[in-house]
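Shown below: final_24.txt, with compact mmCIF, C-alpha atoms.
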```txt
# COMPACT_ATOMS: atom_id res chain seq x y z
CA MET U 62 42.18 -27.46 19.21
CA LYS U 63 38.83 -29.19 19.23
CA LYS U 64 37.21 -26.09 20.68
CA THR U 65 38.72 -23.91 17.97
CA THR U 66 37.50 -26.24 15.22
CA MET U 67 34.00 -26.22 16.65
CA LEU U 68 34.02 -22.45 16.98
CA THR U 69 35.20 -22.09 13.38
CA MET U 70 32.47 -24.44 12.18
CA PHE U 71 29.88 -22.53 14.20
CA LEU U 72 31.04 -19.19 12.81
CA MET U 73 31.03 -20.59 9.28
CA LEU U 74 27.45 -21.77 9.78
CA VAL U 75 26.41 -18.35 11.07
CA ILE U 76 28.07 -16.62 8.13
CA PHE U 77 26.56 -19.10 5.68
CA SER U 78 23.03 -18.75 7.03
CA THR U 79 23.26 -14.95 7.03
CA ALA U 80 24.62 -14.81 3.51
CA SER U 81 22.02 -17.12 2.04
CA ALA U 82 19.02 -15.59 3.78
CA HIS U 83 18.82 -12.49 1.62
CA THR U 84 18.74 -11.66 -2.06
CA ALA U 85 20.78 -8.95 -3.75
CA LEU U 86 18.62 -6.40 -5.59
CA MET U 87 19.22 -3.53 -8.00
CA SER U 88 16.95 -1.14 -9.87
CA CYS U 89 18.09 1.53 -12.35
CA PHE U 90 16.45 4.48 -14.05
CA ASP U 91 17.43 7.04 -16.66
CA GLU U 92 17.59 10.51 -15.10
CA GLY U 93 16.77 12.05 -18.49
CA ASP U 94 19.86 14.29 -18.42
CA GLY U 95 22.41 11.89 -19.90
CA THR U 96 22.96 10.11 -16.60
CA VAL U 97 21.65 6.90 -15.10
CA THR U 98 21.07 6.12 -11.41
CA CYS U 99 21.23 2.57 -10.05
CA GLU U 100 20.00 1.74 -6.57
CA GLY U 101 21.15 -1.38 -4.77
CA GLY U 102 19.78 -3.23 -1.79
CA PHE U 103 18.99 -6.54 -0.16
CA SER U 104 15.71 -8.31 0.47
CA ASP U 105 16.21 -7.99 4.22
CA GLY U 106 16.37 -4.20 3.94
CA SER U 107 20.09 -3.93 4.71
CA SER U 108 22.16 -1.18 3.12
CA ALA U 109 24.18 -1.67 -0.07
CA SER U 110 26.53 1.18 0.78
CA GLY U 111 30.08 0.23 -0.25
CA VAL U 112 29.01 -2.66 -2.49
CA LYS U 113 30.99 -2.98 -5.73
CA PHE U 114 29.29 -1.61 -8.86
CA LEU U 115 30.50 -2.17 -12.40
CA ILE U 116 29.63 -1.15 -15.95
CA GLU U 117 30.42 -3.84 -18.51
CA GLN U 118 30.56 -3.47 -22.28
CA ASN U 119 31.28 -6.45 -24.53
CA GLY U 120 32.32 -8.48 -21.48
CA LYS U 121 34.87 -5.88 -20.37
CA THR U 122 34.65 -3.75 -17.26
CA VAL U 123 34.64 -0.11 -18.35
CA MET U 124 33.84 1.43 -14.98
CA GLU U 125 34.18 0.26 -11.39
CA THR U 126 33.02 2.06 -8.28
CA LYS U 127 31.13 1.49 -5.03
CA MET U 128 27.55 2.25 -4.01
CA ASN U 129 27.40 5.52 -2.04
CA GLU U 130 26.00 6.06 1.46
CA TYR U 131 22.47 6.01 0.00
CA SER U 132 23.17 2.67 -1.75
CA GLU U 133 23.16 4.49 -5.12
CA VAL U 134 25.45 5.15 -8.07
CA THR U 135 24.88 7.81 -10.73
CA PHE U 136 26.96 7.58 -13.90
CA GLU U 137 27.20 9.01 -17.41
CA LYS U 138 25.12 6.89 -19.75
CA PRO U 139 27.58 4.93 -21.94
CA SER U 140 27.08 4.96 -25.69
CA GLY U 141 26.15 1.55 -27.09
CA SER U 142 24.92 -1.47 -25.22
CA TYR U 143 26.08 -2.03 -21.65
CA GLN U 144 25.27 -3.86 -18.45
CA ALA U 145 25.11 -2.43 -14.95
CA VAL U 146 26.43 -4.95 -12.41
CA PHE U 147 25.79 -4.98 -8.67
CA ASN U 148 28.47 -7.24 -7.23
CA ALA U 149 27.96 -8.17 -3.58
CA GLY U 150 29.97 -11.38 -3.90
CA GLU U 151 29.39 -14.90 -5.18
CA GLY U 152 25.69 -15.63 -5.58
CA HIS U 153 24.87 -11.99 -4.93
CA LYS U 154 25.35 -10.43 -8.35
CA VAL U 155 22.61 -8.58 -10.20
CA TYR U 156 22.84 -7.63 -13.89
CA VAL U 157 20.64 -4.97 -15.49
CA ASP U 158 20.78 -4.43 -19.25
CA GLY U 159 21.18 -0.83 -20.38
CA GLU U 160 18.30 -1.20 -22.81
CA ASP U 161 15.97 -2.01 -19.91
CA ILE U 162 16.84 1.23 -18.14
CA VAL U 163 14.21 3.84 -18.95
CA GLU U 164 13.10 7.22 -17.63
CA MET Q 263 -50.40 -3.21 7.47
CA LYS Q 264 -49.03 -0.01 5.99
CA ASN Q 265 -46.82 0.40 9.06
CA ILE Q 266 -45.46 -3.13 8.70
CA VAL Q 267 -44.61 -2.55 5.04
CA LEU Q 268 -42.95 0.76 5.91
CA THR Q 269 -40.98 -0.85 8.74
CA LEU Q 270 -39.88 -3.66 6.44
CA ALA Q 271 -38.88 -1.22 3.74
CA LEU Q 272 -36.92 0.88 6.23
CA THR Q 273 -35.25 -2.22 7.65
CA ILE Q 274 -34.18 -3.36 4.19
CA LEU Q 275 -32.94 0.15 3.41
CA TRP Q 276 -31.02 0.32 6.67
CA CYS Q 277 -29.53 -3.14 6.18
CA SER Q 278 -28.43 -2.38 2.67
CA ASN Q 279 -26.65 0.72 3.92
CA SER Q 280 -25.04 -0.99 6.85
CA PHE Q 281 -22.14 -2.51 4.87
CA ALA Q 282 -18.81 -0.97 5.60
CA HIS Q 283 -17.64 2.26 4.08
CA PHE Q 284 -14.08 2.04 2.78
CA GLN Q 285 -11.80 4.77 1.48
CA MET Q 286 -10.11 3.13 -1.48
CA LEU Q 287 -6.56 4.03 -2.49
CA TYR Q 288 -6.40 1.79 -5.51
CA THR Q 289 -3.71 0.90 -7.99
CA PRO Q 290 -3.77 -2.30 -10.06
CA GLU Q 291 -0.36 -3.67 -9.00
CA SER Q 292 1.44 -3.15 -5.69
CA ALA Q 293 4.57 -5.24 -6.40
CA LEU Q 294 6.46 -3.67 -9.32
CA ASN Q 295 9.55 -5.31 -10.79
CA THR Q 296 10.86 -2.05 -12.20
CA GLY Q 297 10.10 1.60 -11.60
CA SER Q 298 7.11 2.89 -13.55
CA LYS Q 299 4.31 5.42 -13.64
CA ILE Q 300 1.25 4.13 -11.81
CA GLU Q 301 -2.42 5.06 -11.85
CA LEU Q 302 -4.22 5.72 -8.58
CA ARG Q 303 -7.93 6.01 -7.82
CA HIS Q 304 -9.39 7.46 -4.64
CA VAL Q 305 -12.98 6.33 -4.13
CA PHE Q 306 -15.18 6.19 -1.03
CA THR Q 307 -17.27 3.09 -1.52
CA HIS Q 308 -18.38 -0.33 -0.30
CA PRO Q 309 -15.75 -2.51 -1.99
CA PHE Q 310 -17.52 -5.85 -1.69
CA ALA Q 311 -21.15 -5.05 -2.43
CA ASP Q 312 -20.65 -1.77 -4.37
CA GLU Q 313 -24.21 -0.79 -3.56
CA HIS Q 314 -23.42 2.88 -2.96
CA THR Q 315 -20.57 5.21 -3.90
CA MET Q 316 -20.19 8.15 -1.52
CA ASP Q 317 -19.19 11.71 -2.48
CA MET Q 318 -15.76 12.21 -0.92
CA GLY Q 319 -15.75 15.19 1.44
CA LYS Q 320 -19.55 15.60 1.56
CA GLN Q 321 -20.65 18.15 4.21
CA HIS Q 322 -23.93 18.54 6.10
CA ASP Q 323 -23.98 22.33 5.82
CA SER Q 324 -22.82 22.87 2.26
CA LYS Q 325 -23.45 21.56 -1.22
CA GLU Q 326 -19.72 21.76 -1.90
CA ASN Q 327 -17.58 18.78 -0.98
CA ASN Q 328 -14.54 19.60 1.13
CA PRO Q 329 -11.16 18.91 -0.50
CA VAL Q 330 -8.77 16.16 0.56
CA GLU Q 331 -6.82 17.24 3.67
CA ALA Q 332 -3.58 15.37 2.97
CA PHE Q 333 -2.12 13.04 0.37
CA TYR Q 334 1.55 12.13 0.35
CA VAL Q 335 4.04 9.35 -0.24
CA ILE Q 336 7.13 8.26 1.68
CA ASN Q 337 10.07 6.53 -0.04
CA LYS Q 338 13.35 5.83 1.77
CA GLY Q 339 12.21 8.13 4.55
CA LYS Q 340 11.59 11.08 2.22
CA LYS Q 341 8.08 12.53 2.20
CA LYS Q 342 6.62 13.97 -0.99
CA ASP Q 343 3.38 15.93 -1.05
CA LEU Q 344 1.00 14.67 -3.74
CA LEU Q 345 -2.08 16.85 -3.05
CA GLY Q 346 -1.48 18.73 -6.29
CA SER Q 347 -1.64 15.49 -8.32
CA LEU Q 348 -5.30 14.83 -7.46
CA LYS Q 349 -7.87 15.41 -10.20
CA ALA Q 350 -11.58 15.36 -9.39
CA ILE Q 351 -13.55 12.65 -11.20
CA THR Q 352 -16.97 11.05 -11.02
CA TRP Q 353 -16.67 7.38 -10.12
CA LYS Q 354 -19.35 5.11 -11.56
CA GLY Q 355 -20.45 2.36 -9.19
CA ASN Q 356 -22.91 -0.32 -10.22
CA HIS Q 357 -25.77 1.53 -8.49
CA ASN Q 358 -24.79 5.20 -8.44
CA SER Q 359 -21.94 7.63 -9.06
CA GLY Q 360 -19.90 9.61 -6.56
CA ALA Q 361 -17.30 12.36 -6.32
CA ALA Q 362 -13.81 10.81 -6.30
CA TYR Q 363 -10.23 11.53 -7.47
CA GLN Q 364 -7.65 10.12 -9.79
CA SER Q 365 -3.90 10.68 -9.82
CA GLN Q 366 -0.69 9.39 -11.32
CA TYR Q 367 2.60 8.75 -9.58
CA LYS Q 368 6.04 8.04 -10.95
CA ALA Q 369 7.40 5.24 -8.76
CA LYS Q 370 10.91 5.29 -10.19
CA ARG Q 371 12.99 4.73 -7.07
CA MET Q 372 13.62 1.32 -5.60
CA GLY Q 373 11.91 0.26 -2.39
CA ASP Q 374 8.60 0.92 -0.70
CA HIS Q 375 6.38 3.83 -1.59
CA LEU Q 376 4.04 4.32 1.36
CA PHE Q 377 0.97 6.38 0.41
CA VAL Q 378 -1.21 8.18 2.95
CA MET Q 379 -4.57 9.72 2.06
CA GLN Q 380 -6.51 11.80 4.58
CA PRO Q 381 -9.83 12.82 3.06
CA ALA Q 382 -12.04 15.50 4.56
CA PRO Q 383 -14.65 14.04 6.95
CA TYR Q 384 -17.69 12.74 5.03
CA TYR Q 385 -21.19 13.43 6.32
CA GLU Q 386 -23.20 10.21 6.59
CA ALA Q 387 -26.80 11.45 6.73
CA ASN Q 388 -28.16 8.03 7.78
CA GLU Q 389 -26.12 8.22 10.96
CA GLU Q 390 -26.12 12.04 11.32
CA ALA Q 391 -22.38 11.69 11.82
CA TYR Q 392 -19.10 12.22 10.01
CA ILE Q 393 -16.62 9.54 8.90
CA GLN Q 394 -12.95 10.21 8.17
CA GLN Q 395 -10.80 7.31 7.04
CA ILE Q 396 -7.05 7.90 7.15
CA THR Q 397 -5.86 5.42 4.53
CA LYS Q 398 -2.50 3.74 3.86
CA MET Q 399 -1.38 1.72 0.86
CA VAL Q 400 2.13 0.51 0.00
CA ILE Q 401 3.68 -0.37 -3.32
CA ASN Q 402 7.19 -1.73 -3.83
CA VAL Q 403 9.72 -1.39 -6.64
CA ALA Q 404 12.24 -4.23 -7.20
CA GLY Q 405 11.77 -6.02 -3.87
CA ALA Q 406 13.89 -4.01 -1.44
CA PRO Q 407 11.94 -3.25 1.75
CA THR Q 408 12.38 0.34 2.97
CA ASP Q 409 9.32 2.03 4.48
CA TRP Q 410 6.41 -0.44 4.66
CA ASP Q 411 6.54 -0.87 8.46
CA LYS Q 412 7.08 2.82 9.30
CA GLU Q 413 4.93 4.08 12.10
CA LEU Q 414 3.79 7.59 11.21
CA GLY Q 415 2.07 8.56 14.47
CA LEU Q 416 -1.19 9.32 12.66
CA LYS Q 417 -4.37 10.06 14.60
CA ALA Q 418 -5.66 6.72 13.35
CA GLU Q 419 -3.26 4.21 11.82
CA ILE Q 420 -2.81 0.54 11.09
CA VAL Q 421 0.89 -0.30 11.28
CA PRO Q 422 1.50 -3.47 9.24
CA LEU Q 423 3.50 -6.40 10.61
CA THR Q 424 3.31 -8.12 7.20
CA LYS Q 425 4.49 -6.51 3.97
CA PRO Q 426 1.19 -5.40 2.42
CA TYR Q 427 2.39 -6.14 -1.15
CA SER Q 428 3.95 -9.52 -0.43
CA ILE Q 429 1.18 -11.89 0.66
CA TRP Q 430 0.44 -15.31 -0.80
CA THR Q 431 -3.19 -16.35 -1.00
CA GLY Q 432 -3.85 -18.57 2.00
CA SER Q 433 -1.31 -16.84 4.21
CA THR Q 434 -2.07 -14.06 6.67
CA PHE Q 435 -1.89 -10.33 7.20
CA SER Q 436 -1.08 -8.89 10.65
CA GLY Q 437 -1.11 -5.33 11.89
CA ILE Q 438 -1.38 -3.16 14.98
CA VAL Q 439 -4.11 -0.56 15.36
CA LYS Q 440 -2.65 2.67 16.73
CA SER Q 441 -3.75 6.19 17.54
CA ASN Q 442 -1.05 8.87 17.87
CA GLY Q 443 1.52 6.08 18.23
CA LYS Q 444 -0.31 4.20 20.98
CA PRO Q 445 -1.94 0.78 20.47
CA VAL Q 446 -5.74 0.66 20.55
CA PRO Q 447 -6.72 -2.42 22.61
CA PHE Q 448 -9.57 -4.55 21.28
CA ALA Q 449 -10.09 -2.22 18.31
CA GLU Q 450 -13.05 -3.13 16.14
CA ILE Q 451 -11.85 -3.91 12.61
CA GLU Q 452 -13.90 -4.39 9.48
CA VAL Q 453 -12.44 -6.43 6.63
CA GLU Q 454 -13.64 -6.35 3.04
CA PHE Q 455 -12.50 -7.87 -0.22
CA LEU Q 456 -12.42 -5.58 -3.25
CA ASN Q 457 -14.97 -7.71 -5.05
CA ARG Q 458 -15.11 -5.73 -8.29
CA ASP Q 459 -13.31 -5.61 -11.54
CA VAL Q 460 -11.99 -2.02 -11.52
CA ASP Q 461 -12.14 -0.23 -14.89
CA LEU Q 462 -9.48 2.48 -14.75
CA ALA Q 463 -10.22 3.85 -18.22
CA ALA Q 464 -13.92 4.32 -17.51
CA ASN Q 465 -13.47 5.18 -13.81
CA ALA Q 466 -16.06 2.55 -13.01
CA MET Q 467 -16.67 -0.62 -11.04
CA GLY Q 468 -17.25 -3.74 -13.11
CA LYS Q 469 -18.75 -7.10 -12.35
CA ALA Q 470 -18.54 -8.90 -9.01
CA TYR Q 471 -16.02 -11.75 -8.54
CA VAL Q 472 -17.78 -13.70 -5.78
CA GLU Q 473 -21.09 -13.82 -3.93
CA ALA Q 474 -21.35 -13.79 -0.16
CA PRO Q 475 -23.27 -16.71 1.34
CA HIS Q 476 -24.50 -14.45 4.16
CA ASP Q 477 -24.35 -10.74 5.03
CA SER Q 478 -21.70 -11.38 7.69
CA PHE Q 479 -19.27 -12.33 4.88
CA VAL Q 480 -19.71 -9.03 3.04
CA THR Q 481 -18.07 -7.03 5.81
CA MET Q 482 -16.22 -9.30 8.19
CA GLY Q 483 -15.86 -8.07 11.74
CA ILE Q 484 -12.78 -8.96 13.73
CA LYS Q 485 -11.21 -7.49 16.85
CA ALA Q 486 -7.65 -6.64 17.83
CA ASP Q 487 -6.19 -8.15 20.98
CA GLN Q 488 -5.24 -6.30 24.17
CA ASP Q 489 -2.17 -4.86 22.40
CA GLY Q 490 -4.11 -3.64 19.36
CA LYS Q 491 -2.70 -6.48 17.24
CA PHE Q 492 -4.70 -8.55 14.78
CA THR Q 493 -4.13 -11.28 12.18
CA PHE Q 494 -6.42 -12.21 9.30
CA GLY Q 495 -6.07 -15.19 6.95
CA ILE Q 496 -6.35 -14.13 3.30
CA PRO Q 497 -8.47 -16.67 1.39
CA LYS Q 498 -8.41 -15.13 -2.09
CA ALA Q 499 -6.03 -13.20 -4.35
CA GLY Q 500 -6.75 -9.50 -4.81
CA TRP Q 501 -7.06 -6.39 -2.69
CA TRP Q 502 -8.25 -6.59 0.92
CA GLY Q 503 -9.18 -3.57 3.03
CA PHE Q 504 -8.87 -3.36 6.82
CA CYS Q 505 -10.68 -0.56 8.65
CA ALA Q 506 -10.27 0.09 12.39
CA LEU Q 507 -13.46 1.89 13.34
CA GLY Q 508 -13.27 4.98 15.53
CA ALA Q 509 -9.61 4.31 16.35
CA GLY Q 510 -8.68 7.99 15.94
CA SER Q 511 -8.43 10.67 18.59
CA ASP Q 512 -10.82 13.14 16.90
CA THR Q 513 -14.40 12.39 17.87
CA GLU Q 514 -16.26 15.51 16.75
CA TYR Q 515 -16.47 17.54 13.55
CA LYS Q 516 -18.67 20.62 13.00
CA GLY Q 517 -20.53 19.79 16.22
CA LYS Q 518 -21.39 16.30 15.05
CA GLU Q 519 -20.08 12.88 15.99
CA LEU Q 520 -16.99 11.84 14.02
CA SER Q 521 -15.74 8.31 13.48
CA GLN Q 522 -12.04 8.70 12.66
CA ASP Q 523 -11.00 5.37 11.20
CA ALA Q 524 -7.69 3.81 10.11
CA VAL Q 525 -7.65 1.95 6.79
CA ILE Q 526 -4.93 -0.12 5.14
CA TRP Q 527 -5.07 -1.99 1.83
CA VAL Q 528 -3.12 -5.18 1.13
CA GLN Q 529 -2.82 -7.27 -2.03
CA ALA Q 530 -2.58 -11.07 -2.12
CA LYS Q 531 -1.25 -13.19 -4.99
CA ASP Q 532 -1.92 -16.82 -5.95
CA MET Q 533 0.97 -19.33 -6.01
CA LYS Q 534 1.10 -20.50 -9.58
```
Is it possible to express this structure as structure tokens?
Amino acid sequence: MKKTTMLTMFLMLVIFSTASAHTALMSCFDEGDGTVTCEGGFSDGSSASGVKFLIEQNGKTVMETKMNEYSEVTFEKPSGSYQAVFNAGEGHKVYVDGEDIVE
Amino acid sequence: MKNIVLTLALTILWCSNSFAHFQMLYTPESALNTGSKIELRHVFTHPFADEHTMDMGKQHDSKENNPVEAFYVINKGKKKDLLGSLKAITWKGNHNSGAAYQSQYKAKRMGDHLFVMQPAPYYEANEEAYIQQITKMVINVAGAPTDWDKELGLKAEIVPLTKPYSIWTGSTFSGIVKSNGKPVPFAEIEVEFLNRDVDLAANAMGKAYVEAPHDSFVTMGIKADQDGKFTFGIPKAGWWGFCALGAGSDTEYKGKELSQDAVIWVQAKDMK
């Protein structure tokens, strides 16, 4: 029992130190053809493939998908204001405003 | 007496030309928060003293300068040829002007953009020899590291062990001098600070930032260790050039001696 508790604590520490050591990152650009590409990543260079990606408008999620094998998402540019959200879990979310996304 | 004066004059002339040549691959900002179009300048000069700007690609047997041999960028492992983006310009140094190039690059994708410039060998008449400096420079968009530490197997190359765009003033830069992928033990490395305000609009060097207390501070000489590795403490914010002399495998060009050097540029920032 004691061993299991210690192992759990050790594993939790490992997970905690890994999770806090890097920063979630996202950069988006307008493709100029009515679509936008967002690229995700982490400060340690690890892949963002499979990380949740959302488009929010007025606080509501209007699109939800996952970053592809190249850690990218390309989507139709929504009309009106919107936010692109890279959601890699608590403390690892990045928001980019649509108006800051240029060609 | 005449001979003494002549000797003195020649000594002064020789000394003033003995500062290090550096192939510059300049852009104002290497750490970009978002993707943007950047300006690049390609100048063969002495970045600290700026006492002479060389004509890139100058030949001993022709009045025409030879064109740049290679210029490309690597982002997320993809190589893009940029030779066609180069436009010939005349770069105005504080003492003379020289043949150089300008270009623009759209750094829209996230990650590292690793630039490589391989100019044609330059004929240095004072030494009756050619110099070719294979030059690397890295910019980053949005902080994700992707290509900065890639080893390209160049004939002469400095492979960085520190991100070249992410250096605080007072910290260090480390790299390994390599030739065709193999470390160059005890490589001789020259280090210079880009000591000039660069005027992109006028394609000119501006005023000096600092003065050297002694000639040995203009071009600092350091050596790599037995594994080709070196570390240098960066004392001031700005661009710093590292040049591994004669590290390359080519030693002759047009029947003359060739020094094939590896150059890398790094940019330090103040903590404020």
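Considering all atoms listed in the file, the residue among Q:Phe492, Q:Trp430, Q:Trp353, Q:Trp410 positioned nearest to chain U is Q:Trp410.
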Hey, list the chain U side of the contact with chain Q: 12 Å cut-off, all atoms listed in the file, answer as JSON, numbers by chain.
{"U": [83, 84, 85, 86, 87, 88, 89, 90, 91, 92, 97, 98, 99, 100, 101, 102, 103, 104, 105, 106, 107, 108, 109, 131, 132, 133, 155, 157, 161, 162, 163, 164]}
Here CA of Gly346 in chain Q and CA of Leu507 in chain Q stand apart by 28.5 Å
Using all atoms listed in the file, determine which residues lie at most 12 Å from Ala530 in chain Q, disregarding the query and same-chain residues fewer than 3 positions distant; provide the list as a PyMOL selection string.
chain Q and resi 290-293+424-435+455-456+495-503+527+533
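You can rank Q:Phe310, Q:Phe479, Q:Tyr471, Q:Phe333 by their closest distance to Ser365 in chain Q using only C-alpha atoms, and at the top of that list sits Q:Phe333.
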What lies within 7 Å of Phe147 in chain U using all atoms listed in the file, ignoring chain neighbours under 2 positions off, as a PDB file with C-alpha atoms, keeping the file's coordinate frame?
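Contents of result_29.pdb, as written:
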```
ATOM      1  CA  MET U  87      19.220  -3.530  -8.000  1.00  0.00           C
ATOM      2  CA  LYS U 113      30.990  -2.980  -5.730  1.00  0.00           C
ATOM      3  CA  PHE U 114      29.290  -1.610  -8.860  1.00  0.00           C
ATOM      4  CA  LEU U 115      30.500  -2.170 -12.400  1.00  0.00           C
ATOM      5  CA  ALA U 145      25.110  -2.430 -14.950  1.00  0.00           C
ATOM      6  CA  ALA U 149      27.960  -8.170  -3.580  1.00  0.00           C
ATOM      7  CA  LYS U 154      25.350 -10.430  -8.350  1.00  0.00           C
ATOM      8  CA  VAL U 155      22.610  -8.580 -10.200  1.00  0.00           C
ATOM      9  CA  TYR U 156      22.840  -7.630 -13.890  1.00  0.00           C
TER      10      TYR U 156
END
```
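The space between CA of Glu386 in chain Q and CA of Thr315 in chain Q spans 11.9 Å.
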